[in-house]
Each structure stands twice: as C-alpha cells, then as structure tokens.
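What follows is data-v4.pdb (PDB, C-alpha atoms).
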```pdb
MODEL        1
ATOM      1  CA  MET A 133       7.958 -13.781 -75.480
ATOM      2  CA  LYS A 134      10.671 -13.647 -78.115
ATOM      3  CA  GLU A 135      11.292 -10.814 -80.547
ATOM      4  CA  ARG A 136      11.035 -11.627 -84.238
ATOM      5  CA  LYS A 137      12.918  -8.983 -86.221
ATOM      6  CA  TYR A 138      11.858  -7.670 -89.600
ATOM      7  CA  VAL A 139       8.187  -8.613 -89.255
ATOM      8  CA  LYS A 140       5.344  -6.079 -89.303
ATOM      9  CA  GLU A 141       1.898  -7.242 -88.108
ATOM     10  CA  THR A 142      -1.395  -5.856 -89.459
ATOM     11  CA  PRO A 143      -4.942  -7.262 -89.027
ATOM     12  CA  VAL A 144      -6.688  -7.529 -92.416
ATOM     13  CA  VAL A 145      -9.704  -9.132 -94.087
ATOM     14  CA  ILE A 146      -8.969 -11.434 -97.026
ATOM     15  CA  TYR A 147     -11.646 -12.792 -99.379
ATOM     16  CA  ASP A 148     -10.814 -16.304-100.555
ATOM     17  CA  ALA A 149     -11.555 -17.929-103.936
ATOM     18  CA  ASN A 150     -15.030 -18.852-102.666
ATOM     19  CA  GLY A 151     -15.856 -15.202-102.006
ATOM     20  CA  LEU A 152     -15.851 -15.704 -98.249
ATOM     21  CA  PRO A 153     -14.219 -13.211 -95.857
ATOM     22  CA  ASN A 154     -11.415 -14.267 -93.532
ATOM     23  CA  MET A 155     -10.026 -12.190 -90.669
ATOM     24  CA  MET A 156      -6.263 -12.638 -90.792
ATOM     25  CA  LEU A 157      -3.077 -11.296 -89.245
ATOM     26  CA  LYS A 158      -0.737 -10.144 -92.007
ATOM     27  CA  LEU A 159       2.947 -10.747 -91.298
ATOM     28  CA  GLU A 160       4.890  -8.441 -93.599
ATOM     29  CA  ASN A 161       8.500  -9.250 -94.442
ATOM     30  CA  THR A 162      10.547  -6.106 -93.760
ATOM     31  CA  ALA A 163      14.006  -7.706 -93.940
ATOM     32  CA  PRO A 164      16.542  -5.735 -95.998
ATOM     33  CA  THR A 165      18.027  -8.953 -97.419
ATOM     34  CA  LYS A 166      16.884 -12.524 -97.948
ATOM     35  CA  GLU A 167      19.534 -13.711 -95.504
ATOM     36  CA  LEU A 168      17.889 -11.675 -92.711
ATOM     37  CA  ALA A 169      14.320 -12.718 -93.533
ATOM     38  CA  ASP A 170      12.399 -14.599 -90.847
ATOM     39  CA  PRO A 171      12.113 -18.351 -91.627
ATOM     40  CA  VAL A 172       8.333 -17.977 -91.844
ATOM     41  CA  PHE A 173       8.875 -16.159 -95.171
ATOM     42  CA  LEU A 174      11.181 -18.806 -96.695
ATOM     43  CA  VAL A 175       9.385 -21.513 -98.655
ATOM     44  CA  LYS A 176      11.437 -24.023-100.634
ATOM     45  CA  GLY A 177      14.185 -21.460-101.137
ATOM     46  CA  VAL A 178      11.812 -18.701-102.267
ATOM     47  CA  GLU A 179      11.430 -15.582-100.134
ATOM     48  CA  TYR A 180       7.866 -14.262 -99.698
ATOM     49  CA  ASP A 181       6.766 -10.710 -98.969
ATOM     50  CA  SER A 182       4.098 -11.770 -96.480
ATOM     51  CA  VAL A 183       2.240 -14.560 -94.737
ATOM     52  CA  TYR A 184      -1.337 -14.279 -93.464
ATOM     53  CA  LEU A 185      -2.353 -16.201 -90.330
ATOM     54  CA  SER A 186      -5.946 -16.957 -89.315
ATOM     55  CA  ARG A 187      -6.967 -14.807 -86.362
ATOM     56  CA  PHE A 188      -9.649 -17.328 -85.467
ATOM     57  CA  LEU A 189      -9.891 -21.092 -85.371
ATOM     58  CA  ASN A 190     -11.478 -22.169 -88.622
ATOM     59  CA  SER A 191     -15.189 -22.851 -88.750
ATOM     60  CA  ALA A 192     -17.475 -24.215 -91.459
ATOM     61  CA  VAL A 193     -19.659 -22.343 -93.938
ATOM     62  CA  LYS A 194     -21.454 -25.179 -95.700
ATOM     63  CA  ASN A 195     -18.503 -27.154 -97.136
ATOM     64  CA  GLN A 196     -15.980 -24.293 -96.911
ATOM     65  CA  VAL A 197     -13.823 -23.128 -94.008
ATOM     66  CA  VAL A 198     -13.312 -19.561 -92.796
ATOM     67  CA  SER A 199     -11.504 -17.543 -90.134
ATOM     68  CA  LEU A 200     -14.273 -15.551 -88.457
ATOM     69  CA  PRO A 201     -15.278 -14.722 -84.869
ATOM     70  CA  PHE A 202     -18.233 -16.025 -82.845
ATOM     71  CA  ARG A 203     -18.526 -19.383 -84.589
ATOM     72  CA  ASP A 204     -18.166 -22.952 -83.359
ATOM     73  CA  PRO A 205     -14.633 -24.179 -84.215
ATOM     74  CA  LEU A 206     -14.748 -26.916 -86.823
ATOM     75  CA  ALA A 207     -13.859 -30.192 -85.091
ATOM     76  CA  TYR A 208     -14.157 -33.888 -85.915
ATOM     77  CA  ILE A 209     -11.990 -33.369 -88.981
ATOM     78  CA  SER A 210      -8.827 -35.267 -89.874
ATOM     79  CA  MET A 211      -5.564 -33.711 -90.973
ATOM     80  CA  ASP A 212      -6.053 -34.744 -94.613
ATOM     81  CA  ASP A 213      -9.613 -33.387 -94.651
ATOM     82  CA  ALA A 214      -8.429 -30.097 -93.155
ATOM     83  CA  ILE A 215      -5.679 -29.767 -95.782
ATOM     84  CA  GLU A 216      -8.144 -30.465 -98.605
ATOM     85  CA  ARG A 217     -10.781 -28.032 -97.310
ATOM     86  CA  ILE A 218      -8.200 -25.260 -96.869
ATOM     87  CA  ARG A 219      -6.696 -25.728-100.318
ATOM     88  CA  GLN A 220     -10.196 -25.188-101.759
ATOM     89  CA  LYS A 221      -9.872 -21.577-100.548
ATOM     90  CA  GLY A 222      -7.457 -20.842-103.383
ATOM     91  CA  GLU A 223      -3.782 -20.750-104.309
ATOM     92  CA  GLY A 224      -1.417 -20.189-101.408
ATOM     93  CA  TRP A 225      -3.910 -21.242 -98.717
ATOM     94  CA  HIS A 226      -2.619 -23.997 -96.454
ATOM     95  CA  LEU A 227      -2.921 -25.659 -93.071
ATOM     96  CA  LEU A 228      -0.980 -23.719 -90.451
ATOM     97  CA  THR A 229       2.581 -25.012 -90.398
ATOM     98  CA  ASN A 230       4.686 -25.687 -87.342
ATOM     99  CA  CYS A 231       7.034 -22.923 -88.514
ATOM    100  CA  GLU A 232       4.109 -20.483 -88.453
ATOM    101  CA  TRP A 233       2.986 -21.815 -85.072
ATOM    102  CA  GLN A 234       6.458 -21.204 -83.652
ATOM    103  CA  TYR A 235       6.088 -17.565 -84.707
ATOM    104  CA  ILE A 236       2.787 -17.401 -82.814
ATOM    105  CA  LYS A 237       4.334 -19.152 -79.796
ATOM    106  CA  ASP A 238       7.325 -16.827 -79.736
ATOM    107  CA  THR A 239       5.148 -13.705 -79.912
ATOM    108  CA  THR A 240       2.532 -14.832 -77.384
ATOM    109  CA  ARG A 241       2.283 -12.416 -74.465
ATOM    110  CA  PRO A 242       3.180 -13.892 -71.049
ATOM    111  CA  GLY A 243       0.002 -14.460 -69.067
ATOM    112  CA  THR A 244      -2.115 -15.323 -72.107
ATOM    113  CA  HIS A 245      -5.014 -17.588 -71.141
ATOM    114  CA  GLY A 246      -7.735 -19.517 -72.943
ATOM    115  CA  ASN A 247     -10.625 -21.940 -72.680
ATOM    116  CA  THR A 248      -8.901 -24.571 -70.550
ATOM    117  CA  SER A 249     -11.850 -25.686 -68.411
ATOM    118  CA  CYS A 250     -14.850 -26.411 -70.648
ATOM    119  CA  GLY A 251     -15.722 -22.813 -71.396
ATOM    120  CA  SER A 252     -13.589 -20.914 -68.900
ATOM    121  CA  TYR A 253      -9.986 -20.267 -67.958
ATOM    122  CA  HIS A 254      -9.196 -22.821 -65.225
ATOM    123  CA  GLY A 255      -7.410 -20.231 -63.091
ATOM    124  CA  ASP A 256     -10.291 -17.738 -63.051
ATOM    125  CA  GLU A 257     -13.778 -18.858 -64.063
ATOM    126  CA  SER A 258     -14.856 -15.228 -64.543
ATOM    127  CA  GLU A 259     -12.771 -15.441 -67.745
ATOM    128  CA  ASN A 260     -15.106 -17.270 -70.062
ATOM    129  CA  GLY A 261     -16.329 -17.431 -73.622
ATOM    130  CA  ILE A 262     -19.640 -18.255 -75.296
ATOM    131  CA  ARG A 263     -20.175 -22.001 -74.992
ATOM    132  CA  SER A 264     -20.749 -23.940 -78.204
ATOM    133  CA  GLU A 265     -20.573 -27.744 -78.467
ATOM    134  CA  TYR A 266     -19.052 -30.000 -75.797
ATOM    135  CA  GLY A 267     -16.455 -27.925 -73.928
ATOM    136  CA  ARG A 268     -15.660 -25.626 -76.837
ATOM    137  CA  THR A 269     -16.314 -21.892 -76.969
ATOM    138  CA  GLU A 270     -17.157 -19.782 -80.006
ATOM    139  CA  THR A 271     -14.098 -18.434 -81.787
ATOM    140  CA  GLY A 272     -12.759 -15.219 -80.277
ATOM    141  CA  SER A 273     -15.623 -14.969 -77.768
ATOM    142  CA  GLY A 274     -13.320 -14.874 -74.757
ATOM    143  CA  PRO A 275     -11.696 -11.800 -73.183
ATOM    144  CA  ALA A 276      -8.625  -9.981 -74.505
ATOM    145  CA  ALA A 277      -6.441 -12.249 -72.349
ATOM    146  CA  TRP A 278      -7.429 -15.107 -74.690
ATOM    147  CA  PHE A 279      -5.716 -13.419 -77.661
ATOM    148  CA  HIS A 280      -2.021 -14.099 -78.202
ATOM    149  CA  ASN A 281      -1.031 -10.425 -77.855
ATOM    150  CA  GLY A 282      -3.652  -9.427 -75.284
ATOM    151  CA  ASN A 283      -5.585  -7.376 -77.861
ATOM    152  CA  SER A 284      -8.922  -8.636 -79.186
ATOM    153  CA  GLU A 285      -8.792  -6.206 -82.143
ATOM    154  CA  THR A 286      -5.424  -7.306 -83.520
ATOM    155  CA  GLY A 287      -4.535 -10.658 -81.939
ATOM    156  CA  ILE A 288      -4.978 -14.325 -82.730
ATOM    157  CA  ALA A 289      -7.679 -15.896 -80.565
ATOM    158  CA  ASP A 290      -7.716 -19.262 -78.805
ATOM    159  CA  THR A 291      -4.077 -20.146 -79.378
ATOM    160  CA  ILE A 292      -4.179 -21.655 -75.884
ATOM    161  CA  GLY A 293      -6.917 -24.156 -75.128
ATOM    162  CA  ASN A 294     -10.342 -24.532 -76.781
ATOM    163  CA  VAL A 295      -9.078 -27.192 -79.225
ATOM    164  CA  TRP A 296      -5.734 -28.765 -79.973
ATOM    165  CA  LYS A 297      -4.488 -27.251 -83.228
ATOM    166  CA  ILE A 298      -3.207 -29.482 -86.069
ATOM    167  CA  VAL A 299       0.043 -28.236 -87.615
ATOM    168  CA  SER A 300       1.978 -29.542 -90.607
ATOM    169  CA  GLY A 301       5.681 -29.926 -91.327
ATOM    170  CA  ILE A 302       6.648 -31.964 -88.243
ATOM    171  CA  ARG A 303       5.957 -35.563 -87.217
ATOM    172  CA  LEU A 304       7.238 -38.750 -85.632
ATOM    173  CA  LYS A 305       7.878 -41.843 -87.751
ATOM    174  CA  ARG A 306       8.107 -44.761 -85.319
ATOM    175  CA  GLY A 307       9.668 -42.453 -82.777
ATOM    176  CA  LYS A 308      12.068 -40.674 -85.158
ATOM    177  CA  LEU A 309      11.539 -36.915 -85.404
ATOM    178  CA  GLU A 310      11.114 -35.530 -88.927
ATOM    179  CA  TYR A 311      10.513 -31.990 -90.189
ATOM    180  CA  MET A 312      10.353 -29.775 -93.258
ATOM    181  CA  PRO A 313      12.923 -26.927 -93.268
ATOM    182  CA  ASP A 314      11.948 -23.248 -92.882
ATOM    183  CA  ASN A 315       8.292 -22.843 -93.941
ATOM    184  CA  ASP A 316       8.452 -25.424 -96.740
ATOM    185  CA  ALA A 317       5.240 -27.099 -95.515
ATOM    186  CA  ALA A 318       3.364 -23.975 -96.691
ATOM    187  CA  ALA A 319       4.290 -24.522-100.350
ATOM    188  CA  PRO A 320       1.325 -25.184-102.665
ATOM    189  CA  ASP A 321       3.066 -28.322-103.922
ATOM    190  CA  ALA A 322       4.278 -29.510-100.499
ATOM    191  CA  ASP A 323       3.809 -33.255-100.105
ATOM    192  CA  LEU A 324       2.298 -33.555 -96.637
ATOM    193  CA  SER A 325       1.242 -37.180 -97.061
ATOM    194  CA  GLU A 326       2.281 -39.992 -94.758
ATOM    195  CA  ASP A 327       4.593 -41.338 -97.497
ATOM    196  CA  SER A 328       6.174 -37.948 -98.226
ATOM    197  CA  LYS A 329       9.912 -37.888 -98.920
ATOM    198  CA  GLU A 330      10.179 -34.131 -98.291
ATOM    199  CA  PHE A 331      10.695 -34.534 -94.544
ATOM    200  CA  LEU A 332      14.201 -34.580 -93.058
ATOM    201  CA  GLU A 333      15.323 -36.525 -90.009
ATOM    202  CA  VAL A 334      16.598 -34.522 -87.060
ATOM    203  CA  LEU A 335      20.113 -35.706 -86.257
ATOM    204  CA  ALA A 336      22.265 -35.387 -83.141
ATOM    205  CA  ASP A 337      25.784 -36.800 -83.051
ATOM    206  CA  GLY A 338      25.060 -38.225 -86.511
ATOM    207  CA  LYS A 339      22.111 -40.287 -85.235
ATOM    208  CA  PRO A 340      18.333 -39.798 -85.600
ATOM    209  CA  VAL A 341      16.673 -38.032 -82.687
ATOM    210  CA  LYS A 342      13.846 -40.064 -81.182
ATOM    211  CA  ILE A 343      11.032 -39.105 -78.811
ATOM    212  CA  GLY A 344       9.169 -41.482 -76.536
ATOM    213  CA  PRO A 345       9.407 -43.504 -73.335
ATOM    214  CA  GLY A 346      12.919 -44.802 -72.676
ATOM    215  CA  GLU A 347      14.973 -45.936 -69.712
ATOM    216  CA  ASP A 348      14.477 -42.576 -67.943
ATOM    217  CA  GLY A 349      10.789 -42.036 -68.768
ATOM    218  CA  MET A 350       9.787 -39.689 -71.570
ATOM    219  CA  MET A 351      12.967 -38.926 -73.478
ATOM    220  CA  ILE A 352      14.469 -36.931 -76.324
ATOM    221  CA  THR A 353      17.352 -39.164 -77.260
ATOM    222  CA  THR A 354      19.292 -41.025 -79.940
ATOM    223  CA  GLY A 355      18.801 -44.217 -77.941
ATOM    224  CA  GLU A 356      15.918 -46.657 -77.836
ATOM    225  CA  VAL A 357      12.319 -45.618 -77.147
ATOM    226  CA  GLU A 358       9.092 -47.604 -77.228
ATOM    227  CA  GLY A 359       5.427 -47.136 -76.371
ATOM    228  CA  TRP A 360       3.689 -43.853 -75.616
ATOM    229  CA  ASP A 361       3.314 -41.390 -72.772
ATOM    230  CA  ALA A 362       2.003 -37.908 -71.934
ATOM    231  CA  VAL A 363       3.838 -35.922 -69.261
ATOM    232  CA  GLU A 364       4.578 -32.363 -68.194
ATOM    233  CA  ARG A 365       7.539 -30.790 -69.946
ATOM    234  CA  ASP A 366       9.594 -30.649 -66.748
ATOM    235  CA  GLU A 367       9.477 -34.465 -66.687
ATOM    236  CA  VAL A 368      11.094 -34.871 -70.120
ATOM    237  CA  ALA A 369      14.684 -36.148 -70.081
ATOM    238  CA  VAL A 370      16.988 -34.738 -72.776
ATOM    239  CA  ALA A 371      19.668 -37.375 -73.306
ATOM    240  CA  LEU A 372      21.825 -35.625 -75.914
ATOM    241  CA  ASP A 373      25.467 -34.579 -75.597
ATOM    242  CA  GLU A 374      24.672 -31.443 -77.610
ATOM    243  CA  VAL A 375      21.210 -30.103 -78.371
ATOM    244  CA  PRO A 376      20.853 -29.239 -82.082
ATOM    245  CA  GLN A 377      19.397 -25.761 -82.632
ATOM    246  CA  ILE A 378      16.711 -27.272 -84.851
ATOM    247  CA  LEU A 379      15.088 -28.871 -81.776
ATOM    248  CA  LYS A 380      14.549 -25.380 -80.331
ATOM    249  CA  ASP A 381      13.455 -23.969 -83.682
ATOM    250  CA  LEU A 382      10.816 -26.724 -83.934
ATOM    251  CA  GLY A 383       9.558 -26.130 -80.395
ATOM    252  CA  ILE A 384      10.567 -29.609 -79.229
ATOM    253  CA  ILE A 385      12.820 -28.094 -76.560
ATOM    254  CA  ILE A 386      12.010 -24.725 -74.952
ATOM    255  CA  ASP A 387      14.173 -22.402 -72.869
ATOM    256  CA  ASP A 388      12.251 -22.920 -69.615
ATOM    257  CA  GLU A 389      11.809 -26.680 -70.050
ATOM    258  CA  SER A 390      12.622 -27.515 -66.410
ATOM    259  CA  ALA A 391       9.908 -25.151 -65.118
ATOM    260  CA  SER A 392       7.131 -25.884 -67.628
ATOM    261  CA  LYS A 393       3.991 -27.839 -66.733
ATOM    262  CA  GLU A 394       2.686 -27.863 -70.309
ATOM    263  CA  TRP A 395       1.796 -31.168 -71.940
ATOM    264  CA  PHE A 396       4.397 -33.079 -73.934
ATOM    265  CA  ALA A 397       3.156 -36.324 -75.468
ATOM    266  CA  ALA A 398       4.549 -38.813 -77.967
ATOM    267  CA  ASP A 399       3.874 -42.274 -79.379
ATOM    268  CA  ALA A 400       7.031 -44.014 -80.596
ATOM    269  CA  GLU A 401       5.131 -47.023 -81.964
ATOM    270  CA  LEU A 402       2.983 -45.323 -84.604
ATOM    271  CA  GLY A 403       4.061 -45.429 -88.235
ATOM    272  CA  GLU A 404       3.319 -41.706 -88.223
ATOM    273  CA  ALA A 405       2.271 -39.442 -85.357
ATOM    274  CA  ILE A 406       1.284 -35.924 -86.446
ATOM    275  CA  CYS A 407       1.603 -32.796 -84.337
ATOM    276  CA  PHE A 408      -1.042 -30.968 -82.294
ATOM    277  CA  VAL A 409      -0.261 -27.795 -80.326
ATOM    278  CA  GLY A 410      -1.669 -25.385 -77.758
ATOM    279  CA  ALA A 411      -3.869 -27.852 -75.803
ATOM    280  CA  GLY A 412      -7.658 -28.121 -75.608
ATOM    281  CA  TYR A 413     -10.647 -27.207 -73.481
ATOM    282  CA  GLY A 414      -9.967 -29.704 -70.693
ATOM    283  CA  ASP A 415      -6.212 -29.494 -70.229
ATOM    284  CA  THR A 416      -6.251 -26.878 -67.419
ATOM    285  CA  SER A 417      -2.764 -26.127 -66.030
ATOM    286  CA  ASN A 418      -1.075 -28.288 -68.682
ATOM    287  CA  SER A 419      -2.178 -25.906 -71.443
ATOM    288  CA  GLY A 420       0.053 -23.275 -73.014
ATOM    289  CA  PRO A 421       1.759 -22.169 -76.239
ATOM    290  CA  SER A 422       4.426 -24.860 -75.778
ATOM    291  CA  ALA A 423       1.952 -27.708 -75.196
ATOM    292  CA  LEU A 424       2.762 -30.301 -77.849
ATOM    293  CA  SER A 425       1.377 -33.705 -78.755
ATOM    294  CA  LEU A 426       2.906 -36.214 -81.168
ATOM    295  CA  LEU A 427       0.532 -38.905 -80.014
ATOM    296  CA  TYR A 428      -2.072 -39.619 -82.703
ATOM    297  CA  PRO A 429      -2.257 -40.573 -86.398
ATOM    298  CA  ARG A 430      -3.439 -38.212 -89.132
ATOM    299  CA  SER A 431      -6.789 -40.008 -89.241
ATOM    300  CA  ASP A 432      -7.628 -39.022 -85.664
ATOM    301  CA  VAL A 433     -10.744 -36.895 -85.171
ATOM    302  CA  HIS A 434     -12.241 -35.550 -81.947
ATOM    303  CA  ALA A 435     -14.369 -32.805 -80.428
ATOM    304  CA  TYR A 436     -11.205 -31.153 -79.074
ATOM    305  CA  ILE A 437      -9.164 -31.106 -82.306
ATOM    306  CA  GLY A 438      -9.359 -28.171 -84.746
ATOM    307  CA  PHE A 439      -7.067 -26.009 -86.876
ATOM    308  CA  PHE A 440      -5.967 -22.639 -88.221
ATOM    309  CA  SER A 441      -5.367 -21.907 -91.905
ATOM    310  CA  ALA A 442      -2.797 -19.556 -93.411
ATOM    311  CA  LEU A 443      -2.048 -17.898 -96.740
ATOM    312  CA  LEU A 444       1.182 -17.129 -98.569
ATOM    313  CA  GLY A 445       1.735 -13.686-100.058
ATOM    314  CA  LYS A 446       3.863 -13.133-103.152
ATOM    315  CA  PRO A 447       7.506 -13.988-103.901
ATOM    316  CA  VAL A 448       9.956 -11.151-103.243
ATOM    317  CA  ILE A 449      11.736  -9.589-106.177
ATOM    318  CA  ARG A 450      14.934  -7.865-104.988
TER     319      ARG A 450
ENDMDL
END
```
Take the structure in the file and write it out as structure tokens.
Amino acid sequence: MKERKYVKETPVVIYDANGLPNMMLKLENTAPTKELADPVFLVKGVEYDSVYLSRFLNSAVKNQVVSLPFRDPLAYISMDDAIERIRQKGEGWHLLTNCEWQYIKDTTRPGTHGNTSCGSYHGDESENGIRSEYGRTETGSGPAAWFHNGNSETGIADTIGNVWKIVSGIRLKRGKLEYMPDNDAAAPDADLSEDSKEFLEVLADGKPVKIGPGEDGMMITTGEVEGWDAVERDEVAVALDEVPQILKDLGIIIDDESASKEWFAADAELGEAICFVGAGYGDTSNSGPSALSLLYPRSDVHAYIGFFSALLGKPVIR
C-alpha cells in the first residue's frame, strides 16, 4: 500500500445525465499547488479539483450503465462499446484509465481478496458473494475484505477477481509499449482509438520498450520479442540497463516483482493489445491488484471481462 499525498476520499452518489444514480468514490485534490497535484488530477495539462471512481463494477440498466451494488457485472462488452456506453452518461464520464487504476492499486489494503474461485475467495471458501452468471458474483456482494480498503461502506468493490477490468491509456502495438501521460486518457476529447496518435512510446536507452516472449522467456526489453505468453510476475525478465520511472508509474514493473505470483501476460504479435487488470473469477492465486494482461484486442468480449467508469470534476482555478 502506497501513500498518495494531497488526496481526500469521500463516498458519494452522483446522478448521471440519464437520471440514474451511481455510487462513487470522490477523490478530492487537496494539493496546495499544481506541481504537487497527484497525476490522477492532471488531464492534458489541466488540473482538476476532483475525480470520481466507480465503487462497483458497472452493470446495465436497459441500455445505460451504472455503478450500483448487488447487480450482475456487465460482461460480453468490447472496449469500444464500453467507452461509448459510458460517454452516454454525460460530460466528463469515461472508462477507468490506467492512471486511475494505479491509484486504486497503490491504495489497496494488503490482504484484500475477491471472487477468485467462481464465487468465492480461493484461499477461504467461507468468503463468498452472491452468485450471478457463470463464475461472477453480484457487485459488492462479498465481505469487507473484497473492498480495496477493507470497508464495504467506503471502498471500491471487486478490484481483485470477479472480472478482468478494461482500462484505457496503455497498450501494446506489436510488442511496443505505449501510454498516455498523466490522466490524459480521461479527457472528453481523448482519442482512444486503435489509430490514435495521442499515445507515446516508452523509451529506455533511447529505444522503444517491448513486452513479450524473448530469449529469456517473458521479457521487458528493448530487444526482440515475438509471440505471446502468460506467466507469474516473478518469471518476468527485465532486460534494461536502467528502468525508466514511467514503467513503475504505469504498473508494468512493481516493487516486489521477484516475489509476486500475479498474472502478467502479453501478445507481441497483435497490432494492438489493450490492457486488462485485477484478474477474474477463475484466476485463484494469480489474482491481485498488480495482475495485468496485454494479451487481447479491443474487440475481445468474454464472461470474465468487465469495467469501471469514472468522472472528472471541474478544472482548478488558482
């Protein structure tokens, strides 16, 4: 668990443009200057006073999506469909970004569990939620240990397990890692398409960083990679003379990499592989806040893929 300074958390209910309620976690920007503001509040150079994160995996109300408890998480939906459905909620609403997910990951309480065994926590089957379809459980129906902060009244539910969560602002393009700076992927005009030119390449020693199988198995490298693989994080080889800080900021490399059993997957052959985080209902001991998959295209849909939405506050006037 990592401290994020100058952020105040408050659970709130927000009504979207469709008149539907959404239970959210308000992140309030308390930084005294823009330079000290958390990256989650910086969107294309503009500082925001707040960001609101879904407390529950999004579910469907007719053709709209909401963040509410005790509902079947919306699955079988592609990244583009999720983005479109969320933007229908009104200005500032967006698919959870990787920047926002890193905030959740960094503030997740050690020992947080989730639906990692088709309705239960794989380490203790007395920890269970209300079963819905396939191996999913209804949103927020698990115990307090299934909320990121250990508190079912204020926390974000099902960050670990239940479904893999789609996030924007990070991807692989034929093995090369690309990202949007700060929380730029949250911008209302952010181009999140496959052909977007708003992504930057991650560089190390002046060369693009690539992820995929190489000469030493799954690798983070500037060398050659090809094919795909899914391994535990402690099996990933980091073949870089110096590790750029951005790789840690993006969650590609974590501090306890050599001791982590969480999933790390990548396909270096795809024209674009989007990012899924947090693992799903069948990933047992490989689940966790640092579980990460860059393995499938944006068109991929499945029973174990879902998403969170988020909402931008207002620009800061200093």
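Counting all atoms listed in the file, A:Ala322 has the following residues at most 10 Å away, ignoring those fewer than 5 positions along the same chain: Val175, Lys176, His226, Gly301, Met312, Asp316, Ala317, Ser328 and Glu330 of chain A.
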Requested in this report: Evaluate the PyMOL selection byres ((chain A and resi 156) around 7) on the structure here and hand back the selected residues as a PyMOL selection string.
Outcome: chain A and resi 143-146+154-155+157-158+184-187
For the residues in the current selection, export C-alpha atoms as a short mmCIF file (atom, residue, chain, number, x, y, z; two decimals), keeping the file's coordinate frame.
```
data_model
loop_
_atom_site.label_atom_id
_atom_site.label_comp_id
_atom_site.auth_asym_id
_atom_site.auth_seq_id
_atom_site.Cartn_x
_atom_site.Cartn_y
_atom_site.Cartn_z
CA PRO A 143 -4.94 -7.26 -89.03
CA VAL A 144 -6.69 -7.53 -92.42
CA VAL A 145 -9.70 -9.13 -94.09
CA ILE A 146 -8.97 -11.43 -97.03
CA ASN A 154 -11.42 -14.27 -93.53
CA MET A 155 -10.03 -12.19 -90.67
CA LEU A 157 -3.08 -11.30 -89.24
CA LYS A 158 -0.74 -10.14 -92.01
CA TYR A 184 -1.34 -14.28 -93.46
CA LEU A 185 -2.35 -16.20 -90.33
CA SER A 186 -5.95 -16.96 -89.32
CA ARG A 187 -6.97 -14.81 -86.36
#
```
Quick one: which stretch 178-293 of chain A residues come within 8 Å of stretch 431-443 of chain A, and what is the nearest atom pair for each with the distance in Å to one decimal, counting only C-alpha atoms, rows ordered by chain and ascending number, as a Markdown table?
```
| residue | atom | partner | partner_atom | distance |
| --- | --- | --- | --- | --- |
| A:Val183 | CA | A:Leu443 | CA | 5.8 |
| A:Tyr184 | CA | A:Leu443 | CA | 4.9 |
| A:Leu185 | CA | A:Ala442 | CA | 4.6 |
| A:Ser186 | CA | A:Ser441 | CA | 5.6 |
| A:Phe188 | CA | A:Phe440 | CA | 7.0 |
| A:Leu189 | CA | A:Phe440 | CA | 5.1 |
| A:Asn190 | CA | A:Phe440 | CA | 5.5 |
| A:Ser199 | CA | A:Ser441 | CA | 7.7 |
| A:Pro205 | CA | A:Gly438 | CA | 6.6 |
| A:Leu206 | CA | A:Gly438 | CA | 5.9 |
| A:Ala207 | CA | A:Gly438 | CA | 4.9 |
| A:Tyr208 | CA | A:Val433 | CA | 4.6 |
| A:Ile209 | CA | A:Val433 | CA | 5.3 |
| A:Ser210 | CA | A:Ser431 | CA | 5.2 |
| A:Met211 | CA | A:Ser431 | CA | 6.6 |
| A:Asp212 | CA | A:Ser431 | CA | 7.6 |
| A:Ala214 | CA | A:Phe439 | CA | 7.6 |
| A:Ile218 | CA | A:Ser441 | CA | 6.6 |
| A:Gly224 | CA | A:Leu443 | CA | 5.2 |
| A:Trp225 | CA | A:Leu443 | CA | 4.3 |
| A:His226 | CA | A:Ala442 | CA | 5.4 |
| A:Leu227 | CA | A:Ser441 | CA | 4.6 |
| A:Leu228 | CA | A:Ser441 | CA | 5.0 |
| A:Tyr266 | CA | A:Ala435 | CA | 7.2 |
| A:Arg268 | CA | A:Tyr436 | CA | 7.4 |
```
Query - Reference answer for the PyMOL selection byres ((chain A and resi 338) around 12), as a list in words - result: Glu333, Val334, Leu335, Ala336, Asp337, Lys339, Pro340, Val341, Thr354, Leu372, Asp373, Glu374 and Pro376 of chain A
Hey, can you spit out that residue selection with C-alpha atoms as an mmCIF file, in the frame of the given file?
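Contents of again02.cif, as written:
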```
data_model
loop_
_atom_site.group_PDB
_atom_site.id
_atom_site.type_symbol
_atom_site.label_atom_id
_atom_site.label_comp_id
_atom_site.auth_asym_id
_atom_site.auth_seq_id
_atom_site.Cartn_x
_atom_site.Cartn_y
_atom_site.Cartn_z
ATOM 1 C CA GLU A 333 15.323 -36.525 -90.009
ATOM 2 C CA VAL A 334 16.598 -34.522 -87.060
ATOM 3 C CA LEU A 335 20.113 -35.706 -86.257
ATOM 4 C CA ALA A 336 22.265 -35.387 -83.141
ATOM 5 C CA ASP A 337 25.784 -36.800 -83.051
ATOM 6 C CA LYS A 339 22.111 -40.287 -85.235
ATOM 7 C CA PRO A 340 18.333 -39.798 -85.600
ATOM 8 C CA VAL A 341 16.673 -38.032 -82.687
ATOM 9 C CA THR A 354 19.292 -41.025 -79.940
ATOM 10 C CA LEU A 372 21.825 -35.625 -75.914
ATOM 11 C CA ASP A 373 25.467 -34.579 -75.597
ATOM 12 C CA GLU A 374 24.672 -31.443 -77.610
ATOM 13 C CA PRO A 376 20.853 -29.239 -82.082
#
```
Query raised in the report: Separation of atom CA of A:Thr239 and atom CA of A:Pro421, in Å?
Result: 9.8 Å
**Report entry** Ground truth for the PyMOL selection byres ((chain A and resi 250) around 6), written as a ChimeraX atom specification
**Finding:** /A:249,251-252,267,413-414
Report summary line: Taken to one decimal, the atom CA of A:Met351-atom CA of A:Gly307 distance is 10.5 Å
Requested in this report: Excluding stretch 416-418 of chain A and any residue of its chain fewer than 4 positions from it, enumerate the residues within 6 Å of it, using all atoms listed in the file, and give them as a ChimeraX atom specification.
Outcome: /A:248-249,254,393-395
